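For reference, the structure is listed below as C-alpha cells.
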Amino acid sequence: MNILVAYHSDTGNTRKIAEAIFSAIRDTRKKLLPIDQAVDLAPYDLIFCGTPVQNHSVHPKMVRFFQEIPKAKKLAIFLTHGSLRGGEKAVSAIYHAVSLSSGQTVIGTFGCRGQVKPQMIDIWMDSPQHQAWAREAQSANGHPDAADIEDAREFAETMLYAAEHIHGSGKKS
Ligand SMILES: Cc1cc2nc3c(=O)[nH]c(=O)nc-3n(C[C@H](O)[C@H](O)[C@H](O)COP(=O)(O)O)c2cc1C
C-alpha cells in the first residue's frame with residue numbers, strides 16, 4: 001500500500017497530529033506533505049487528510065484539496081478543533097468534512113482538540129454572543145497533548161487495517 005498523509009495547519013496543531021499518524025505507519029511506502037505540496041495524488045491508495053476546523057467546517061484550502069482527490073481513493077480524515085471533543089460543534093464539523101468528499105471512500109475520521117490562537121480568543125471574548133464559545137475554545141489550551149498524540153497513532157493503525165479490508169466504490173478517477 002502507498003500512503004499519503006496530507007495536511008494543512010496554520011498554527012501547528014494539525015501538523016503535530018499528521019506527524020503522529022505518519023510515524024505510526026510502518027512497513028509500507030508513505031509520504032508526509034502539506035497539501036500545498038501534495039500535487040500528484042495518483043500513486044496513493046490511502047490518503048490521510050488533516051485540517052483545522054474553521055467556522056464549523058474544514059479550512060478552505062482543504063475544501064479545494066478534496067476536489068482534487070481522484071474518486072477511487074480511500075480517505076481517512078482528521079481534524080483539530082478548539083471545541084470540546086465529541087461535542088456537537090466538533091461532531092458537526094466532522095460530518096461536514098465527510099460531506100465534502102466527492103466520490104472517494106471515507107474509511108474513518110478522527111478529531112481532537114487544538115489550542116486556539118490567543119488573538120482569536122480575545123476577539124471572540126469582546127463579542128457578547130461569542131463569549132461562551134470563546135471560553136470553550138480557551139479550554140483547548142495545551143492540546144494536542146500526549147493523549148491526543150497517542151489516540152492519533154491508534155487511529156492510524158486502525159485506518160491501515162481498514163484500508164486493507166474495506167473495498168472502495170471501484171469508481172475510476
Ligand atoms: C479563524 C478561526 C476559526 C476557527 N473556527 C473554529 C470552529 O468553528 N470550531 C472549532 O472547534 N475551532 C475553531 N477554530 C480553532 C482551530 O480549529 C484550532 O485551534 C485548530 O487546532 C488549529 O489548527 P492548526 O494549528 O493546525 O492551524 C478556529 C480557529 C481560527 C483561527
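Residue numbering restarts at 1 in every chain; chains get A, B, ... in the order shown in the C-alpha cells, and ligands count up from 1 in that same order.
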
- Which protein, DNA or RNA residues have an atom within 10 Å of ligand 1, counting only C-alpha atoms and all ligand atoms, as a ChimeraX atom specification? /A:7-18,50-59,79-85,87-93,111-121,133-134,136-138,140-141,143-144

Atoms kept (C-alpha atoms) for selection, written as a short mmCIF file (atom, residue, chain, number, x, y, z; two decimals), in the first residue's frame:
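As written to disk, again_26.cif reads:
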```cif
data_model
loop_
_atom_site.label_atom_id
_atom_site.label_comp_id
_atom_site.auth_asym_id
_atom_site.auth_seq_id
_atom_site.Cartn_x
_atom_site.Cartn_y
_atom_site.Cartn_z
CA TYR A 7 -2.42 18.24 5.96
CA HIS A 8 -2.97 21.93 6.29
CA SER A 9 -2.02 23.66 9.53
CA ASP A 10 -1.94 27.36 10.33
CA THR A 11 -0.53 27.19 13.87
CA GLY A 12 0.99 23.69 14.09
CA ASN A 13 -1.71 21.63 15.85
CA THR A 14 -2.82 19.65 12.80
CA ARG A 15 0.81 19.21 11.76
CA LYS A 16 1.55 17.53 15.12
CA ILE A 17 -1.31 15.07 14.56
CA ALA A 18 -0.17 14.47 10.98
CA GLY A 50 -5.86 16.70 8.02
CA THR A 51 -7.29 20.15 8.59
CA PRO A 52 -8.08 22.62 11.34
CA VAL A 53 -11.78 23.32 11.84
CA GLN A 54 -12.66 26.85 10.78
CA ASN A 55 -16.11 28.31 11.13
CA HIS A 56 -17.61 24.86 11.83
CA SER A 57 -16.15 23.30 8.72
CA VAL A 58 -12.77 22.45 7.25
CA HIS A 59 -10.17 25.02 6.19
CA LEU A 79 -9.32 17.40 12.24
CA THR A 80 -8.17 19.53 15.12
CA HIS A 81 -10.68 21.88 16.70
CA GLY A 82 -10.99 24.26 19.62
CA SER A 83 -14.39 22.92 20.66
CA LEU A 84 -14.94 20.04 23.06
CA ARG A 85 -14.09 16.61 21.70
CA GLY A 87 -19.36 17.82 21.39
CA GLU A 88 -21.99 18.99 18.93
CA LYS A 89 -19.68 21.53 17.25
CA ALA A 90 -16.86 19.05 16.72
CA VAL A 91 -19.17 16.29 15.52
CA SER A 92 -20.94 18.54 13.03
CA ALA A 93 -17.56 19.73 11.65
CA GLY A 111 -10.85 14.66 15.75
CA CYS A 112 -9.02 16.11 18.73
CA ARG A 113 -8.71 19.50 20.33
CA GLY A 114 -6.10 22.03 19.27
CA GLN A 115 -5.29 25.17 21.17
CA VAL A 116 -6.69 28.32 19.62
CA LYS A 117 -4.69 31.43 18.76
CA PRO A 118 -4.95 33.85 21.73
CA GLN A 119 -5.72 36.72 19.33
CA MET A 120 -8.86 34.90 18.14
CA ILE A 121 -9.99 34.22 21.69
CA TRP A 133 -17.65 29.87 22.57
CA ALA A 134 -14.51 31.86 23.47
CA GLU A 136 -14.86 26.74 25.36
CA ALA A 137 -12.08 27.48 22.86
CA GLN A 138 -9.80 28.74 25.65
CA ALA A 140 -8.31 23.75 24.48
CA ASN A 141 -5.00 25.22 25.71
CA HIS A 143 -3.80 20.46 23.05
CA PRO A 144 -2.91 18.41 21.22
#
```

- 9 Å contact set for Phe155 in chain A, only C-alpha atoms, chain neighbours under 5 positions out, as a ChimeraX atom specification: /A:21,108-110,150,160

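Considering the residues A:Val5, A:Pro70, A:Pro128, A:Phe48 and counting only C-alpha atoms, Leu33 in chain A has its shortest atom-to-atom contact with A:Val5.
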
- Query: Among chain A, which residues carry a DSSP assignment of strand (DSSP E), reported as a ChimeraX atom specification?
  - Reply: /A:2-7,29-34,46-54,57-58,74-81,105-113

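Atom pair CA of Leu41 in chain A / CA of Ser102 in chain A: separated by 15.0 Å.
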
- Write out as a list in words which residues come within 12 Å of Arg26 in chain A when counting only C-alpha atoms, dropping same-chain ones fewer than 6 positions away. Met1, Asn2, Ile3, Ala20, Arg153, Ala156, Glu157, Leu160 and Tyr161 of chain A

Keeping N, CA and C atoms, export the residues of the selection given above as a short mmCIF file (atom, residue, chain, number, x, y, z; two decimals), in the first residue's frame.
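Okay, out-v2.cif is ready:
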```cif
data_model
loop_
_atom_site.label_atom_id
_atom_site.label_comp_id
_atom_site.auth_asym_id
_atom_site.auth_seq_id
_atom_site.Cartn_x
_atom_site.Cartn_y
_atom_site.Cartn_z
N MET A 1 0.85 -1.19 0.00
CA MET A 1 0.00 0.00 0.00
C MET A 1 0.90 1.26 0.00
N ASN A 2 0.43 2.26 -0.69
CA ASN A 2 1.17 3.53 -0.75
C ASN A 2 0.31 4.59 -0.07
N ILE A 3 0.85 5.26 0.92
CA ILE A 3 0.03 6.14 1.77
C ILE A 3 0.58 7.56 1.79
N ALA A 20 2.19 12.45 14.02
CA ALA A 20 1.93 11.26 14.85
C ALA A 20 1.38 10.13 13.98
N ARG A 153 -2.15 8.04 16.86
CA ARG A 153 -1.37 6.88 16.42
C ARG A 153 -2.27 5.64 16.31
N ALA A 156 -4.32 5.85 13.23
CA ALA A 156 -3.55 5.47 12.04
C ALA A 156 -3.53 3.95 11.88
N GLU A 157 -3.29 3.26 12.99
CA GLU A 157 -3.21 1.79 12.91
C GLU A 157 -4.55 1.19 12.50
N LEU A 160 -5.09 1.74 8.80
CA LEU A 160 -4.29 0.83 7.96
C LEU A 160 -5.00 -0.51 7.83
N TYR A 161 -5.53 -0.99 8.95
CA TYR A 161 -6.26 -2.26 8.93
C TYR A 161 -7.51 -2.12 8.04
#
```

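CA of His96 in chain A is positioned 26.9 Å from CA of Lys30 in chain A.
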
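Picture a line from CA of His167 in chain A to CA of Pro60 in chain A; it runs 29.0 Å.
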